[in-house]
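J.: Shown below is the structure under consideration.
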Amino acid sequence: MTPILTSLRTTLTGYLRYRGREGHYSFLMHRLTGLGTLLFLIIHILDTATVYFFPSLYEHAIALYQSTPFMLGEIGLVFAVIYHGVNGLRISVLDLRLPEKWTIATQRGGVRMTFILSTLMWLPAAGVMMYNMLQHNYGMFGG
Amino acid sequence: MSNQHQYEVVIVGGGGAGLMAALYASRGAKTAVLSKLYPTRSHTGAAQGGIGAALGNQEEDNTGWHTFDTVKGSDYLGDQDAIEFMCQEAIPVVYELEHMGLPFSRAADGRIAQRRFGGHTNNDTKQPVLRSCYAADRTGHMILQTLYQQCIKNEVTFYDEFQVLDLLVVNGSSAGVVAVELATGELHTFHAKSVIFATGGHGRVWEVTSNAYAYTGDGVAITLRKGIPAEDMEFFQFHPTGIFKLGILITEGVRGEGGVLLNNDGERFMERYAPTVKDLASRDVVSRSMYLEVRDGRGINGKNYMNLDVRPETVNKYAESDGRVLPDGTPYRVTGDDILEKLPDIIDFCRTYLGVDPLEQMMPVQPTAHYAMGGIPTNMAGEVLVDDKNTVMPGLYAAGEVACVSVHGANRLGTNSLLDLVVFGKQAGLRAAEFAQGSDFVSLPGDAESYTHQQIDQFMNGSGKEETADLAKEMKSIMMEHVGVFRTEEGMTQAREKIAELKERFKDVGLEDKGKVFNTEMLDAWELGCLLDVAEVTAVSAVARKESRGAHAREDFPKRDDDNWMKHTLAWMRDGKVDLGYKPVSVTKFEPQERVY
Amino acid sequence: MNTQKVKTSKNIEATAWRFMRLSGILLIPLAWFHVLLQDVVVGVHEIDIDYVAVRLANVGWQIFDILLLTFAFAHGMNGLRQVVNDFVHTEKGQRRMAWLLLVIWLIVSAIGAVAVIAGARPELA
Amino acid sequence: MQVTLRIFRYNPEIGRTKPTFDSYNLEVEPTDRILDLMEEVKAYHDGTLSFRRSCAHGVCGSDAMRINGSNKLACKVLVQDVSSPITLEPLLGLRVIKDLIVDMEPFMESYRSILPYMVNDDIPEDGKERLQSPEERARFDDTTKCILCAACTTSCPSFWSNGEYVGPAAIVNAHRFIFDSRDKAASERLEILNQRKGVWACRTAFNCTEACPREIHVTQAIAEVKRAVFSGSLE
Ligand SMILES: Cc1cc2nc3c(=O)[nH]c(=O)nc-3n(C[C@H](O)[C@H](O)[C@H](O)COP(=O)(O)OP(=O)(O)OC[C@H]3O[C@@H](n4cnc5c(N)ncnc54)[C@H](O)[C@@H]3O)c2cc1C
Ligand code: HEM
Ligand code: SF4
Ligand code: F3S
Ligand code: FES
């Protein structure tokens, strides 16, 4: 196998099969949410740009956003942005201000707190978005 | 032969002694270090307590006291000229280690901190003295790392995971070694002007031991097979405080910091055996006392172990009753945090292996086979001696635990081994390089590897009727029982016969693994062969010595007998049998006295 | 305590590391507010080209969107570059990928910037 | 009690090139070390099994491996600490040579690359020790404990992806010197680590700290090195 494939395989094996503690999963989630958000961002920049370049297409684009699968994705995206943000903030503060706090206790606790906090912040937003979706796409709540 | 190498100096072993030798040899000669383990995995890394040197940083101390303590600790069997040399060299060599970057623990004034250790005393007051220089409880680890780091800095050549199986002797001179490269199974011949053996000890002969799996006496066995004798093999130290059953060492530093040994009645029994220094008597004395306590039915819960108590309240209680004070005169008192700071690894071992927190509970301990006082006979320059006239074998050197200078005599004091490694490792390195500069390569015979091939083939084609593991178990158990802390004629004879039988059966060992790459089964078998040779020589030397001295304690001859036995044993393996000879002890300043602590 | 002063050069990698953290902190108000507003408070169903046109006609929003575009996209693309470096190991490969990402970044940023600055062109709709 | 030991096997010499697992059922004590179980297998079930070990009490660093998925020393894990079946696999990210034995050379190479030795030739005129206060000594105590077992480096996602990354172990050993008040090559070491394959490859995944059998605060040490690059100070 070429070195690049070997390392790819090792990496995937590690990501999926290594039994790490909180930090391992925090790392994976940060990476996944970062890349996911980036993907969305690119699409979003391009579709918004249609307002200038191809305004006629914009309506199609926005219609797509309003479809159920996209809205569900959007709800996921909100979690991604929240989680990545909270976790990124945690990492930044530790790295820039409190390197001595990179200890097992703070890490395990911090990752859990990050997850709980993100979920708590996400739930109301997800609720509102869910409500909007059900209302508009399924005519519920008297929509 | 494809795998031929030529170096002026070849060092076998990458532990403290080997690396120190390498540093000095490589300055004057083209040098290579061969080691069956990565050097940083050598057993020196396990040493905990410290390295002895009379720096007198925290209280009065001097080389003379250190010398006397060592002579007394050796039960007068140590060679006094060598001991004096070592204790003098101790001071500069400890500073040298500091200059190399060794992170010693420090006293408040920034100087190297020192702690108490068994047998080290202020000769005037007879009280324990602060002499052991330490780096928490990982002194050996730091010595090993520091020396390895210096070797990297000085670009020493290493052959890691090369196991030496044979020494090449041509016309009475050493000419090189044959080694197997573990990763490939290939044999390599190292042609050398000087060879230094620094392969460590052989505690794996016994069942309960603080020693690593790698401690299989390779150096002593290889040289025995080449007609070189082994000196004082009957003296093997049992450290009093090994973790019950596992044998993992609990450093004497625990008692240095104020920990005490208690029997089943909660009594600090060492007060009876060594009224002055109590728990800090030398190791043979403490191990024997523990054995006697068990024999008299005072083992914990009727079993064969004692409790070691380092809980702060206990330490403080006994420190108070002993009237122990700090150098500045204030009473000695500790907190749990002090203990944790000074003995972090010990506390970790207990938590991991026993589920016991030494700050809150007592540790179950029993004597554990620990250190080989005997080994390849050398002089102060590290040169190997082949007979009772102290004739030197040209080009052959030994240092560290594998060697017997002898500075430890019948019993080694704690902290003196690390000292021995660096002092005599350095000497061996210097002398080996010097010798190499002044001599030519001895030409090698064409069949240099034949004996090694023969050894390996024996296993490869062995009948397989016997299992290496079974033989090893039987050896360890009989040696533990009969050639351990206390010995009798009958028991030792039994052990000797058993070992002879095991050696016979060893010929029927076979292998499942016929491969070359990391054939650790073959190496285990080869190492068992070494252990059996070493065990045999130990048992034979022990039966012959009809007295009790240091670590060699006989129930049938309970007294030391200076008239007949103030001499070193030399044992040769000739035609499958052990021959004994003796040579005098060098006595310079200190006439033998009775040994009380 | 070691009171020595040490000298180090600040290279791209070090700067990128710092940038990821600082831009990340800045992105918390920017990205969160944006997402909160569009997805939750307003909701995608209320968004149409007129909404966008009105919004982009406001200088304040233009500045906000430009900042968001700049930092989020730079942060994200640099993040992607780091991820790519985990899998492309040769110096040459890494440089090529970096250039590729830079080009993508420039093009997409330019497209986004034009849209934000020029605003919607509903008359063509 | 009964446990099942599942061991990763690989030995190209006899054509076992497809990694497979062998299972062994063993009668053991809860307080046995995993290493004891391996010795038992080697002695009585399969002599061809190969692994490294020496000290048997967690101080030499020979027997780091994946035990039930995470990096540990086989001699420091007791049966009671893990659930059966107990799966043993070689360290990830280093080439497997045979069974549980991996090629340590790249790891040692990284270690050697960070100048892992004291640089300071000035010695006091009296030939005695250089002074160092207990506080100065304490500053780098944690990172002196490293036994080069490679558990940290081979648990690191960045290392799995890119073996060029010097890895946490090398950084730990650099830290040990960078923060030693006696050393004079902190700038050089920081420069070596101030690279893409140096500290900047660390994504604070923290597996290293969790894996370290010596309980070194590895990620913390890395973070301190990163900060030192920026601040130029070693406080
Ligand atoms: C748990 C413990 C605690 C101790 N605490 C102290 C203490 O506090 N103070 C003190 O002074 N002493 C202490 N000692 C004793 C001291 O540590 C040892 O005696 C000493 O480290 C031995 O060093 P060495 O260099 O001779 O051997 P080692 O460090 O063991 O090195 C032996 C080397 O030889 C190599 N080798 C062996 N056989 C072969 C072969 N056939 N081919 C190639 N290479 C080979 C090995 O790979 C290794 O590199 C302690 C010992 C133990 C076990
Ligand atoms: C909301 C505030 C945000 C914060 C606080 C934040 C913080 C961070 C930090 C600190 C890192 C560096 C991680 C590391 O080097 O270990 C990072 C990486 C990354 N971020 Fe963000 N970020 C935020 C928003 C975003 C957004 C909006 C995107 C998408 C465009 C994004 C995409 C990425 C990517 C792709 C990475 C690389 C991930 C990796 O290396 O595994 N981030 N983020
Ligand atoms: S830092 Fe810890 S895990 Fe890493 S090599 Fe050193 S001892 Fe092993
Ligand atoms: S696991 Fe790796 S990413 Fe950093 S914190 Fe440890 S080195
Ligand atoms: S055998 Fe030494 S660390 Fe496990």
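We name chains A, B, ... following the order of the structure tokens; residues begin at 1 in each chain, and ligands are numbered from 1 as shown.
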At a cut-off of 9 Å and counting only C-alpha atoms and all ligand atoms, what residues surround ligand 4? Please answer as a PyMOL selection string.

T.: (chain A and resi 23-24+27+102) or (chain D and resi 152-159+167-169+171+199-211+218-220+222-223)

J.: Per residue of chain C within 8 Å of chain D, what are the shortest atom pair and its distance in Å to one decimal, counting only C-alpha atoms, with rows by chain and residue number, as a tab-separated table?

T.:
```
residue	atom	partner	partner_atom	distance
C:Met1	CA	D:Glu136	CA	4.6
C:Asn2	CA	D:Ser181	CA	4.7
C:Thr3	CA	D:Glu235	CA	6.2
C:Gln4	CA	D:Leu234	CA	6.6
C:Lys5	CA	D:Ser233	CA	5.2
C:Val6	CA	D:Gly232	CA	4.9
C:Lys7	CA	D:Ser187	CA	5.6
C:Thr8	CA	D:Val229	CA	6.0
C:Ser9	CA	D:Glu191	CA	7.3
C:Lys10	CA	D:Phe230	CA	7.6
C:Asn11	CA	D:Asn194	CA	7.7
C:Glu13	CA	D:Arg196	CA	5.9
C:Ala14	CA	D:Trp200	CA	6.8
C:Trp17	CA	D:Trp200	CA	6.9
C:Asp86	CA	D:Ser161	CA	5.3
C:Phe87	CA	D:Ser161	CA	5.9
C:His89	CA	D:Asn162	CA	6.7
```

J.: Just N, CA, C and O atoms for this one: save the residues we selected as a JSON list (two decimals), in the first residue's frame.

T.:
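part39.json, written as the output of this step:
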```
[["chain", "number", "residue", "atom", "x", "y", "z"],
["C", 1, "MET", "N", 11.26, 28.27, 38.08],
["C", 1, "MET", "CA", 11.03, 29.34, 37.14],
["C", 1, "MET", "C", 12.29, 29.64, 36.35],
["C", 1, "MET", "O", 13.37, 29.72, 36.91],
["C", 2, "ASN", "N", 12.08, 29.75, 35.08],
["C", 2, "ASN", "CA", 13.20, 30.00, 34.22],
["C", 2, "ASN", "C", 13.04, 31.43, 33.71],
["C", 2, "ASN", "O", 12.09, 31.74, 33.01],
["C", 3, "THR", "N", 13.96, 32.27, 34.08],
["C", 3, "THR", "CA", 13.78, 33.68, 33.73],
["C", 3, "THR", "C", 14.40, 34.03, 32.39],
["C", 3, "THR", "O", 14.30, 35.14, 31.93],
["C", 4, "GLN", "N", 15.05, 33.02, 31.76],
["C", 4, "GLN", "CA", 15.66, 33.31, 30.46],
["C", 4, "GLN", "C", 14.59, 33.79, 29.48],
["C", 4, "GLN", "O", 13.47, 33.36, 29.51],
["C", 5, "LYS", "N", 15.04, 34.65, 28.59],
["C", 5, "LYS", "CA", 14.17, 35.03, 27.47],
["C", 5, "LYS", "C", 14.58, 34.16, 26.29],
["C", 5, "LYS", "O", 15.75, 33.83, 26.12],
["C", 6, "VAL", "N", 13.61, 33.80, 25.49],
["C", 6, "VAL", "CA", 13.95, 33.01, 24.33],
["C", 6, "VAL", "C", 13.50, 33.72, 23.08],
["C", 6, "VAL", "O", 12.57, 34.52, 23.11],
["C", 7, "LYS", "N", 14.20, 33.44, 21.99],
["C", 7, "LYS", "CA", 13.81, 34.07, 20.73],
["C", 7, "LYS", "C", 13.21, 33.02, 19.81],
["C", 7, "LYS", "O", 13.75, 31.93, 19.66],
["C", 8, "THR", "N", 12.09, 33.35, 19.23],
["C", 8, "THR", "CA", 11.52, 32.43, 18.25],
["C", 8, "THR", "C", 10.98, 33.25, 17.10],
["C", 8, "THR", "O", 10.54, 34.37, 17.28],
["C", 9, "SER", "N", 11.03, 32.67, 15.92],
["C", 9, "SER", "CA", 10.45, 33.36, 14.79],
["C", 9, "SER", "C", 8.98, 32.98, 14.71],
["C", 9, "SER", "O", 8.59, 31.89, 15.09],
["C", 10, "LYS", "N", 8.17, 33.91, 14.26],
["C", 10, "LYS", "CA", 6.75, 33.59, 14.12],
["C", 10, "LYS", "C", 6.51, 33.19, 12.67],
["C", 10, "LYS", "O", 6.49, 34.02, 11.78],
["C", 11, "ASN", "N", 6.34, 31.93, 12.43],
["C", 11, "ASN", "CA", 6.13, 31.49, 11.06],
["C", 11, "ASN", "C", 4.64, 31.35, 10.75],
["C", 11, "ASN", "O", 3.79, 31.60, 11.59],
["C", 13, "GLU", "N", 2.73, 28.81, 10.36],
["C", 13, "GLU", "CA", 2.00, 27.83, 11.15],
["C", 13, "GLU", "C", 1.63, 28.40, 12.51],
["C", 13, "GLU", "O", 0.53, 28.21, 13.00],
["C", 14, "ALA", "N", 2.58, 29.10, 13.11],
["C", 14, "ALA", "CA", 2.33, 29.69, 14.42],
["C", 14, "ALA", "C", 1.25, 30.76, 14.30],
["C", 14, "ALA", "O", 0.33, 30.83, 15.12],
["C", 17, "TRP", "N", -2.13, 29.26, 13.85],
["C", 17, "TRP", "CA", -2.64, 28.70, 15.11],
["C", 17, "TRP", "C", -3.31, 29.79, 15.92],
["C", 17, "TRP", "O", -4.43, 29.64, 16.40],
["C", 86, "ASP", "N", -3.00, 16.91, 7.29],
["C", 86, "ASP", "CA", -2.93, 15.64, 8.01],
["C", 86, "ASP", "C", -2.83, 14.47, 7.05],
["C", 86, "ASP", "O", -2.35, 13.40, 7.42],
["C", 87, "PHE", "N", -3.32, 14.69, 5.84],
["C", 87, "PHE", "CA", -3.37, 13.55, 4.93],
["C", 87, "PHE", "C", -2.41, 13.67, 3.75],
["C", 87, "PHE", "O", -2.08, 12.68, 3.12],
["C", 89, "HIS", "N", 1.30, 14.56, 2.92],
["C", 89, "HIS", "CA", 2.49, 14.71, 3.77],
["C", 89, "HIS", "C", 3.69, 15.36, 3.10],
["C", 89, "HIS", "O", 4.55, 15.91, 3.77]]
```

J.: Please check which protein, DNA or RNA residues sit within 7 Å of ligand 2, counting only C-alpha atoms and all ligand atoms, and write them as JSON, numbers by chain.

T.: {"A": [27, 30, 31, 34, 35, 37, 38, 41, 81, 82, 84, 85, 86, 87, 88, 89, 91, 92], "C": [17, 20, 21, 24, 25, 26, 27, 28, 31, 32, 72, 73, 75, 76, 77, 79, 80, 82, 83], "D": [202, 203, 204]}

J.: If you count only C-alpha atoms, which residues fall within 9 Å of region 103-110 of chain C, apart from same-chain ones fewer than 4 positions away, as a list in words?

T.: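 Non-adjacent residues within range: Ile42, Ile45 and Leu46 of chain A; Leu69, Thr70, Phe73, Ala74, Met77, Ala98, Trp99, Val114 and Ala115 of chain C.
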
J.: For the selection you just gave me, I'd like the residues written to a file as a compact mmCIF listing (two decimals), in the first residue's frame, keeping N, CA, C and O atoms.

T.:
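Final file, result.txt:
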```
# COMPACT_ATOMS: atom_id res chain seq x y z
N ILE A 42 -19.81 27.40 2.33
CA ILE A 42 -19.48 27.59 0.91
C ILE A 42 -20.77 27.60 0.08
O ILE A 42 -21.00 28.49 -0.75
N ILE A 45 -22.60 30.83 0.71
CA ILE A 45 -22.05 32.02 0.04
C ILE A 45 -22.48 32.00 -1.42
O ILE A 45 -22.93 33.00 -1.98
N LEU A 46 -22.35 30.84 -2.03
CA LEU A 46 -22.67 30.76 -3.45
C LEU A 46 -24.15 31.01 -3.70
O LEU A 46 -24.52 31.75 -4.61
N LEU C 69 -18.16 37.00 6.46
CA LEU C 69 -17.62 36.31 5.29
C LEU C 69 -16.10 36.15 5.41
O LEU C 69 -15.55 35.07 5.26
N THR C 70 -15.45 37.24 5.73
CA THR C 70 -13.99 37.22 5.81
C THR C 70 -13.50 36.22 6.87
O THR C 70 -12.75 35.31 6.58
N PHE C 73 -14.95 32.41 6.68
CA PHE C 73 -14.44 31.65 5.55
C PHE C 73 -12.93 31.44 5.67
O PHE C 73 -12.42 30.36 5.39
N ALA C 74 -12.24 32.45 6.12
CA ALA C 74 -10.80 32.30 6.29
C ALA C 74 -10.50 31.25 7.37
O ALA C 74 -9.68 30.34 7.18
N MET C 77 -11.46 27.83 5.94
CA MET C 77 -10.55 27.32 4.91
C MET C 77 -9.19 26.99 5.51
O MET C 77 -8.54 26.02 5.10
N ALA C 98 -2.34 23.97 -0.54
CA ALA C 98 -2.52 25.29 0.05
C ALA C 98 -2.88 26.31 -1.02
O ALA C 98 -3.79 27.13 -0.85
N TRP C 99 -2.17 26.23 -2.15
CA TRP C 99 -2.47 27.15 -3.25
C TRP C 99 -3.89 26.93 -3.77
O TRP C 99 -4.65 27.88 -4.00
N VAL C 114 -18.82 40.51 -3.75
CA VAL C 114 -19.55 41.25 -4.78
C VAL C 114 -21.04 41.28 -4.42
O VAL C 114 -21.68 42.33 -4.43
N ALA C 115 -21.54 40.11 -4.06
CA ALA C 115 -22.96 40.03 -3.74
C ALA C 115 -23.30 40.93 -2.56
O ALA C 115 -24.29 41.67 -2.59
```

J.: Skip Ile62 (chain A) itself and residues of its chain fewer than 6 positions away, then list as a PyMOL selection string all residues within 10 Å of it, counting only C-alpha atoms.

T.: (chain A and resi 47-48) or (chain C and resi 44-49)

J.: Restricting it to N, CA and C atoms, dump the selection as a PDB file, in the first residue's frame.

T.:
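Output contents, as saved in result_15.pdb:
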```pdb
ATOM      1  N   ASP A  47     -24.986  30.426  -2.860  1.00  0.00           N
ATOM      2  CA  ASP A  47     -26.404  30.618  -3.158  1.00  0.00           C
ATOM      3  C   ASP A  47     -26.851  32.054  -2.879  1.00  0.00           C
ATOM      4  N   THR A  48     -26.282  32.628  -1.842  1.00  0.00           N
ATOM      5  CA  THR A  48     -26.651  34.017  -1.572  1.00  0.00           C
ATOM      6  C   THR A  48     -26.177  34.923  -2.708  1.00  0.00           C
TER       7      THR A  48
ATOM      8  N   VAL C  44     -36.206  30.517   7.714  1.00  0.00           N
ATOM      9  CA  VAL C  44     -35.964  30.482   6.274  1.00  0.00           C
ATOM     10  C   VAL C  44     -37.229  30.746   5.447  1.00  0.00           C
ATOM     11  N   HIS C  45     -38.369  30.526   6.059  1.00  0.00           N
ATOM     12  CA  HIS C  45     -39.599  30.714   5.292  1.00  0.00           C
ATOM     13  C   HIS C  45     -39.939  32.171   5.075  1.00  0.00           C
ATOM     14  N   GLU C  46     -39.333  32.996   5.908  1.00  0.00           N
ATOM     15  CA  GLU C  46     -39.602  34.419   5.743  1.00  0.00           C
ATOM     16  C   GLU C  46     -38.596  35.055   4.785  1.00  0.00           C
ATOM     17  N   ILE C  47     -37.609  34.258   4.428  1.00  0.00           N
ATOM     18  CA  ILE C  47     -36.550  34.846   3.611  1.00  0.00           C
ATOM     19  C   ILE C  47     -36.905  34.733   2.138  1.00  0.00           C
ATOM     20  N   ASP C  48     -36.848  35.881   1.489  1.00  0.00           N
ATOM     21  CA  ASP C  48     -36.924  35.835   0.031  1.00  0.00           C
ATOM     22  C   ASP C  48     -35.998  36.913  -0.496  1.00  0.00           C
ATOM     23  N   ILE C  49     -36.028  37.106  -1.786  1.00  0.00           N
ATOM     24  CA  ILE C  49     -35.039  38.009  -2.354  1.00  0.00           C
ATOM     25  C   ILE C  49     -35.255  39.441  -1.887  1.00  0.00           C
TER      26      ILE C  49
END
```

J.: Give me, as a ChimeraX atom specification, the contact residues of chain A against chain D at a cut-off of 12 Å, counting only C-alpha atoms.

T.: /A:3-31,87-88,90-108,111

J.: Pick out the residues no farther than 6 Å from ligand 3, counting only C-alpha atoms and all ligand atoms, and list them as a list in words.

T.: Cys146, Ile147, Leu148, Cys149, Ala150, Ala151, Cys152, Ala169, Val172, Ala211, Cys212, Pro213, Arg214 and Ile216 of chain D

J.: List as a PyMOL selection string the protein and nucleic acid residues near Arg52 (chain D), meaning an atom at most 8 Å away when only C-alpha atoms are counted, but skip any in the same chain fewer than 2 places from it.

T.: chain D and resi 50+54+62-63+100-101
